[in-house]
>>> print(open('structure_30.cif').read())   # mmCIF, C-alpha atoms and all ligand atoms
data_coords
loop_
_atom_site.label_atom_id
_atom_site.label_comp_id
_atom_site.auth_asym_id
_atom_site.auth_seq_id
_atom_site.Cartn_x
_atom_site.Cartn_y
_atom_site.Cartn_z
CA MET A 1 -114.09 309.93 -45.18
CA THR A 2 -111.90 309.91 -42.10
CA VAL A 3 -110.09 306.75 -40.99
CA ASP A 4 -112.05 304.67 -38.49
CA PRO A 5 -109.56 304.14 -35.64
CA GLN A 6 -111.04 300.81 -34.54
CA GLY A 7 -111.03 299.53 -38.11
CA ARG A 8 -107.40 300.54 -38.46
CA ASP A 9 -106.42 298.79 -35.22
CA LEU A 10 -108.38 295.60 -35.95
CA LEU A 11 -106.90 295.48 -39.46
CA ALA A 12 -103.41 295.32 -37.94
CA LEU A 13 -104.41 292.25 -35.91
CA ALA A 14 -106.15 290.65 -38.90
CA VAL A 15 -103.07 291.15 -41.10
CA GLU A 16 -100.80 289.55 -38.50
CA ILE A 17 -103.07 286.51 -38.03
CA ALA A 18 -103.66 286.07 -41.77
CA ALA A 19 -99.91 286.04 -42.37
CA GLU A 20 -99.45 283.31 -39.75
CA ALA A 21 -102.26 281.25 -41.32
CA ALA A 22 -100.71 281.73 -44.77
CA VAL A 23 -97.50 280.09 -43.54
CA VAL A 24 -99.49 277.00 -42.51
CA VAL A 25 -101.39 276.89 -45.80
CA ALA A 26 -98.16 277.29 -47.78
CA LYS A 27 -96.59 274.37 -45.85
CA TYR A 28 -99.50 272.11 -46.75
CA ALA A 29 -99.34 273.34 -50.36
CA ALA A 30 -95.66 272.40 -50.54
CA GLU A 31 -96.03 268.99 -48.87
CA ARG A 32 -99.29 268.14 -50.66
CA THR A 33 -100.03 265.36 -48.17
CA TYR A 34 -103.29 266.09 -46.39
CA ALA A 35 -106.77 264.65 -45.96
CA ILE A 36 -109.45 265.91 -48.36
CA GLU A 37 -113.18 265.65 -47.70
CA THR A 38 -116.30 266.97 -49.47
CA LYS A 39 -119.07 269.19 -48.06
CA SER A 40 -122.19 270.37 -49.93
CA SER A 41 -121.41 268.43 -53.12
CA PRO A 42 -118.71 266.07 -54.48
CA THR A 43 -116.89 269.12 -55.88
CA ASP A 44 -117.09 271.24 -52.68
CA LEU A 45 -113.77 270.35 -51.03
CA VAL A 46 -112.39 270.91 -47.55
CA THR A 47 -108.90 269.85 -46.46
CA GLU A 48 -106.90 269.39 -43.29
CA ALA A 49 -105.21 272.67 -44.25
CA ASP A 50 -108.52 274.58 -44.25
CA ARG A 51 -109.35 273.24 -40.80
CA GLU A 52 -105.90 273.81 -39.29
CA ALA A 53 -105.71 277.34 -40.70
CA GLU A 54 -109.14 278.24 -39.33
CA ALA A 55 -108.23 276.84 -35.90
CA LEU A 56 -105.03 278.95 -35.88
CA ILE A 57 -106.95 282.07 -36.90
CA VAL A 58 -109.58 281.52 -34.19
CA ARG A 59 -106.89 280.98 -31.52
CA GLY A 60 -105.13 284.18 -32.56
CA ILE A 61 -108.33 286.23 -32.50
CA LEU A 62 -109.57 284.95 -29.13
CA ALA A 63 -106.14 285.32 -27.50
CA ALA A 64 -106.28 289.03 -28.33
CA ARG A 65 -110.05 289.62 -28.19
CA PRO A 66 -111.86 286.92 -26.20
CA HIS A 67 -115.28 288.60 -26.35
CA ASP A 68 -115.53 288.94 -30.14
CA GLY A 69 -117.89 286.92 -32.34
CA LEU A 70 -116.77 284.48 -35.02
CA LEU A 71 -118.11 283.13 -38.32
CA GLY A 72 -115.82 280.75 -40.19
CA GLU A 73 -116.33 278.64 -43.31
CA GLU A 74 -115.14 275.51 -41.52
CA GLY A 75 -117.41 275.83 -38.51
CA ALA A 76 -116.17 278.63 -36.25
CA LEU A 77 -119.36 280.22 -34.89
CA SER A 78 -119.98 282.35 -31.81
CA GLU A 79 -122.09 285.41 -31.07
CA GLY A 80 -119.57 287.25 -28.93
CA THR A 81 -120.52 290.20 -26.70
CA SER A 82 -118.28 292.98 -28.03
CA GLY A 83 -120.24 293.86 -31.20
CA ILE A 84 -117.22 292.83 -33.24
CA ARG A 85 -117.41 289.68 -35.42
CA TRP A 86 -114.60 288.10 -37.40
CA VAL A 87 -115.64 286.54 -40.74
CA ILE A 88 -113.11 283.91 -41.79
CA ASP A 89 -112.36 281.95 -44.95
CA PRO A 90 -109.16 280.09 -44.08
CA ILE A 91 -108.58 279.09 -47.70
CA ASP A 92 -110.69 280.86 -50.29
CA GLY A 93 -110.11 278.96 -53.51
CA THR A 94 -109.80 275.51 -51.95
CA THR A 95 -110.17 273.76 -55.31
CA ASN A 96 -107.23 275.76 -56.67
CA PHE A 97 -105.24 274.89 -53.53
CA VAL A 98 -105.89 271.14 -54.01
CA TYR A 99 -105.01 271.27 -57.72
CA GLY A 100 -101.93 273.43 -57.14
CA VAL A 101 -103.36 276.36 -59.12
CA PRO A 102 -101.71 279.47 -57.55
CA ALA A 103 -104.92 281.40 -56.77
CA TYR A 104 -106.02 280.86 -53.17
CA SER A 105 -106.08 283.16 -50.19
CA VAL A 106 -106.60 283.55 -46.45
CA SER A 107 -109.52 285.98 -46.10
CA ILE A 108 -110.41 287.67 -42.80
CA GLY A 109 -113.07 290.38 -42.52
CA VAL A 110 -113.98 292.27 -39.35
CA GLU A 111 -117.52 293.53 -38.73
CA ARG A 112 -118.74 296.05 -36.18
CA GLU A 113 -122.47 295.78 -35.54
CA GLY A 114 -122.82 294.11 -38.96
CA GLN A 115 -120.73 296.63 -40.95
CA VAL A 116 -117.38 295.44 -42.29
CA ILE A 117 -114.73 297.87 -40.99
CA ALA A 118 -111.55 296.00 -41.92
CA GLY A 119 -110.40 293.22 -44.22
CA VAL A 120 -107.29 291.37 -45.31
CA VAL A 121 -106.94 288.93 -48.22
CA HIS A 122 -103.57 287.24 -48.12
CA ASP A 123 -102.64 285.69 -51.48
CA VAL A 124 -100.71 282.63 -50.30
CA ALA A 125 -99.06 281.64 -53.59
CA LEU A 126 -97.96 285.17 -54.57
CA LYS A 127 -97.16 286.15 -50.97
CA GLU A 128 -99.15 289.38 -51.33
CA ALA A 129 -101.53 291.02 -48.84
CA TYR A 130 -104.52 293.12 -49.88
CA THR A 131 -105.81 295.23 -47.00
CA ALA A 132 -108.41 297.88 -46.21
CA SER A 133 -110.04 299.53 -43.24
CA LEU A 134 -113.06 301.85 -43.18
CA GLY A 135 -111.97 305.25 -44.47
CA GLY A 136 -108.37 304.11 -44.72
CA GLY A 137 -108.24 303.24 -48.42
CA ALA A 138 -107.15 299.93 -49.95
CA HIS A 139 -103.58 298.70 -50.24
CA LEU A 140 -101.55 295.89 -51.79
CA ASN A 141 -98.42 295.17 -49.76
CA GLY A 142 -98.83 298.61 -48.18
CA LEU A 143 -99.09 300.51 -51.49
CA PRO A 144 -102.40 302.22 -52.40
CA ILE A 145 -104.60 300.59 -55.05
CA ARG A 146 -107.56 301.92 -57.04
CA CYS A 147 -110.16 300.23 -59.20
CA SER A 148 -110.36 300.50 -62.99
CA GLU A 149 -111.52 303.73 -64.63
CA LYS A 150 -113.02 301.90 -67.64
CA THR A 151 -116.38 303.32 -68.77
CA ASP A 152 -117.15 301.20 -71.85
CA LEU A 153 -118.97 298.02 -70.81
CA SER A 154 -118.25 296.34 -74.15
CA ALA A 155 -114.51 296.72 -73.50
CA SER A 156 -114.59 295.55 -69.85
CA LEU A 157 -113.03 292.40 -68.38
CA TRP A 158 -115.05 290.60 -65.69
CA GLY A 159 -114.34 287.94 -63.11
CA ILE A 160 -117.04 285.29 -62.71
CA GLY A 161 -117.68 282.14 -60.71
CA PHE A 162 -119.92 279.10 -60.49
CA ALA A 163 -121.65 277.18 -57.72
CA TYR A 164 -120.59 273.77 -56.45
CA ASP A 165 -124.07 272.39 -57.11
CA PRO A 166 -124.15 270.96 -60.68
CA HIS A 167 -127.77 272.04 -61.31
CA ARG A 168 -127.08 275.61 -60.18
CA ARG A 169 -123.83 275.59 -62.15
CA GLY A 170 -125.74 274.69 -65.32
CA GLU A 171 -128.25 277.49 -64.74
CA GLN A 172 -125.42 279.94 -64.18
CA ALA A 173 -123.56 278.84 -67.32
CA ARG A 174 -126.66 279.48 -69.42
CA PHE A 175 -126.87 282.94 -67.87
CA TYR A 176 -123.26 283.80 -68.68
CA ASP A 177 -123.56 283.06 -72.38
CA ARG A 178 -126.15 285.85 -72.63
CA VAL A 179 -124.08 288.35 -70.71
CA MET A 180 -120.94 287.62 -72.73
CA THR A 181 -122.21 289.61 -75.74
CA HIS A 182 -122.16 292.81 -73.65
CA ILE A 183 -118.54 292.69 -72.36
CA ARG A 184 -114.95 292.15 -73.55
CA ASP A 185 -114.33 288.80 -71.82
CA VAL A 186 -114.40 286.92 -68.51
CA ARG A 187 -111.89 285.24 -66.24
CA ARG A 188 -112.88 282.42 -63.88
CA MET A 189 -110.04 282.28 -61.37
CA GLY A 190 -111.73 280.44 -58.50
CA SER A 191 -111.31 282.71 -55.48
CA ALA A 192 -114.01 285.27 -54.84
CA ALA A 193 -111.83 287.07 -52.29
CA LEU A 194 -108.99 287.45 -54.80
CA ASP A 195 -111.43 288.40 -57.59
CA LEU A 196 -112.71 291.28 -55.45
CA CYS A 197 -109.09 292.29 -54.80
CA ARG A 198 -108.39 292.20 -58.54
CA VAL A 199 -111.28 294.63 -59.01
CA ALA A 200 -109.71 296.80 -56.29
CA SER A 201 -106.34 296.81 -58.08
CA GLY A 202 -107.75 297.25 -61.60
CA GLN A 203 -106.66 293.80 -62.81
CA LEU A 204 -110.37 293.20 -63.45
CA ASP A 205 -112.86 295.88 -64.43
CA GLY A 206 -115.54 294.04 -62.49
CA TYR A 207 -116.64 290.78 -60.89
CA TRP A 208 -120.00 289.14 -60.52
CA GLU A 209 -121.11 285.86 -59.03
CA PHE A 210 -124.30 284.36 -57.58
CA GLN A 211 -124.91 282.97 -54.10
CA LEU A 212 -121.57 283.35 -52.36
CA ASN A 213 -121.09 283.02 -48.61
CA PRO A 214 -120.30 285.84 -46.18
CA TRP A 215 -116.74 284.52 -45.67
CA ASP A 216 -116.05 284.65 -49.43
CA ILE A 217 -116.82 288.37 -49.67
CA ALA A 218 -116.45 290.14 -46.30
CA ALA A 219 -112.77 291.12 -46.63
CA GLY A 220 -112.71 291.44 -50.43
CA GLY A 221 -115.80 293.63 -50.34
CA ILE A 222 -114.29 296.35 -48.15
CA ILE A 223 -111.03 296.19 -50.10
CA ALA A 224 -112.95 296.78 -53.34
CA ARG A 225 -115.05 299.60 -51.81
CA GLU A 226 -112.04 301.34 -50.26
CA ALA A 227 -110.37 301.16 -53.71
CA GLY A 228 -113.28 303.15 -55.18
CA ALA A 229 -115.44 300.29 -56.47
CA VAL A 230 -119.18 299.95 -55.96
CA THR A 231 -120.30 296.64 -54.46
CA ARG A 232 -123.99 295.74 -54.69
CA GLY A 233 -126.37 292.88 -55.30
CA PHE A 234 -128.61 292.01 -58.23
CA HIS A 235 -131.75 289.99 -59.06
CA GLY A 236 -133.39 291.47 -55.98
CA TYR A 237 -130.72 290.24 -53.54
CA THR A 238 -128.09 292.27 -51.70
CA PHE A 239 -124.31 291.98 -51.85
CA GLU A 240 -124.39 290.69 -48.26
CA GLN A 241 -126.79 287.94 -49.40
CA GLY A 242 -124.07 286.73 -51.73
CA TYR A 243 -125.23 288.13 -55.06
CA VAL A 244 -122.05 290.00 -55.90
CA LEU A 245 -121.63 292.80 -58.45
CA ALA A 246 -118.43 294.84 -57.99
CA SER A 247 -116.95 297.43 -60.36
CA ASN A 248 -116.37 301.13 -60.68
CA ALA A 249 -119.48 303.34 -60.71
CA ALA A 250 -119.38 303.92 -64.49
CA LEU A 251 -119.72 300.20 -65.26
CA ASN A 252 -121.91 299.24 -62.30
CA GLY A 253 -125.19 300.66 -63.53
CA PRO A 254 -124.90 299.32 -67.09
CA MET A 255 -123.88 295.84 -65.86
CA LEU A 256 -126.70 295.81 -63.30
CA ALA A 257 -129.12 296.54 -66.16
CA VAL A 258 -127.69 293.62 -68.16
CA LEU A 259 -127.78 291.20 -65.22
CA ASP A 260 -131.31 292.21 -64.26
CA SER A 261 -132.50 292.00 -67.87
CA TYR A 262 -131.74 288.29 -67.82
CA ARG A 263 -133.49 287.38 -64.54
C1 LIG B 301 -115.10 279.59 -53.59
C2 LIG B 301 -115.19 280.99 -54.12
C3 LIG B 301 -115.40 280.97 -55.64
C4 LIG B 301 -116.70 280.28 -55.93
C5 LIG B 301 -116.64 278.87 -55.39
C6 LIG B 301 -116.35 278.84 -53.88
P1 LIG B 301 -114.13 278.39 -51.40
O1 LIG B 301 -114.86 279.61 -52.20
O2 LIG B 301 -114.02 281.69 -53.81
O3 LIG B 301 -115.43 282.26 -56.19
O4 LIG B 301 -116.94 280.28 -57.30
O5 LIG B 301 -117.89 278.26 -55.66
O6 LIG B 301 -117.43 279.43 -53.20
O7 LIG B 301 -115.15 277.29 -51.34
O8 LIG B 301 -112.94 277.97 -52.18
O9 LIG B 301 -113.80 278.95 -50.05
#
>>> encode(input="structure_30.cif", output="structure tokens")
Amino acid sequence: MTVDPQGRDLLALAVEIAAEAAVVVAKYAAERTYAIETKSSPTDLVTEADREAEALIVRGILAARPHDGLLGEEGALSEGTSGIRWVIDPIDGTTNFVYGVPAYSVSIGVEREGQVIAGVVHDVALKEAYTASLGGGAHLNGLPIRCSEKTDLSASLWGIGFAYDPHRRGEQARFYDRVMTHIRDVRRMGSAALDLCRVASGQLDGYWEFQLNPWDIAAGGIIAREAGAVTRGFHGYTFEQGYVLASNAALNGPMLAVLDSYR
């Protein structure tokens, strides 16, 4: 596949803005004095840092591209007229951020007519940037990355995640105990964007989670795909609907069969 020139150019802007937002998030992480509120449940947190980072990202985008659309976790929403939409998670892994667990990221995806053509996931704690544009491959700090070549499902390591809603979380936990007998082990690291990047870099053989939001997966999804992974949905839903299954092709089919066998 040839490099999409617009994806390449928009990635450069996304990388620059994500790096600026990461500085703000890191400052809040160091000072640890900020307001914390809850959203959809008592465990679904949002902080002053999330809101300030999203505002900075939106300002940076609109200063450069005033006619683009926006979709942000903390409320940025506009249609735009250019056909380009920016999908923003100012801090993916907010719970980790609040607890001081070093696994949270600034995630910015760029869509053209609904297709993601560029994405950056900036790991704030490790100061690392995962990037990808359509046809341009995936990179970590500018160096190419590729997904795992594992073919044996029983020896594969998977990222997982759980919902903020306690009832849904219980349902999901019961589901995982059945899947566990088919794989090596799981890791629950608390940032979907970084989990997709870990699939892209081979640190995980795969990742699956139910009912994520577009901002959790837009950037990480293209990074995983450009690193050779397959991203798809399961249980009759699509990846874009937030049912996330990401791994190399050899593991994808067998894991899909396992996930769908326990509907
Ligand atoms: C989080 C995801 C995580 C998921 C959490 C939450 P947030 O995003 O990154 O994988 O399990 O429920 O959706 O809320 O930290 O931006």
>>> residues_near_ligand(input="structure_30.cif", ligand="ligand LIG 301 (chain B)", cutoff="8 Å", atoms="only C-alpha atoms and all ligand atoms", output="PyMOL selection string")
chain A and resi 44-46+73+89-96+104+160-164+189-195+209+212-213+215-216
>>> residues_around(input="structure_30.cif", residues="region 128-140 of chain A", least_positions_apart="4", cutoff="10 Å", atoms="only C-alpha atoms", output="NGL selection string")
:A and (1-12 or 14-15 or 18-19 or 105-110 or 115-124 or 144-147 or 193-194 or 197-198 or 200-201 or 219-228)
>>> closest_residue(input="structure_30.cif", among="A:Glu111, A:Val186, A:Tyr28, A:Glu37", to="Asp68 (chain A)", atoms="all atoms listed in the file")
A:Glu111
>>> atom_distance(input="structure_30.cif", atom1="CA of Thr47 (chain A)", atom2="CA of Ala35 (chain A)")
5.6 Å
>>> closest_atom_pairs(input="structure_30.cif", of="region 20-129 of chain A", to="region 166-175 of chain A", cutoff="10 Å", atoms="only C-alpha atoms", output="tab-separated table")
residue	atom	partner	partner_atom	distance
A:Ser41	CA	A:Pro166	CA	8.4
A:Pro42	CA	A:Pro166	CA	9.6
A:Thr43	CA	A:Pro166	CA	8.9
>>> atom_distance(input="structure_30.cif", atom1="CA of Arg85 (chain A)", atom2="CA of Asp165 (chain A)")
28.5 Å
>>> atom_distance(input="structure_30.cif", atom1="CA of Arg232 (chain A)", atom2="CA of Arg188 (chain A)")
19.6 Å
>>> residues_near_point(input="structure_30.cif", point="(-133.2, 283.5, -61.9)", cutoff="8 Å", atoms="all atoms listed in the file", output="compact mmCIF listing (two decimals) with C-alpha atoms, in the frame of the given file")
# COMPACT_ATOMS: atom_id res chain seq x y z
CA HIS A 235 -131.75 289.99 -59.06
CA TYR A 262 -131.74 288.29 -67.82
CA ARG A 263 -133.49 287.38 -64.54
>>> closest_residue(input="structure_30.cif", among="A:Glu74, A:Asp185, A:Glu52, A:Glu79", to="Val23 (chain A)", atoms="only C-alpha atoms")
A:Glu52
>>> residues_near_point(input="structure_30.cif", point="(-120.3, 298.3, -71.1)", cutoff="8 Å", atoms="only C-alpha atoms", output="list in words")
Thr151, Asp152, Leu153, Ser154, Ala155, Ser156, His182, Ile183, Leu251, Pro254 and Met255 of chain A
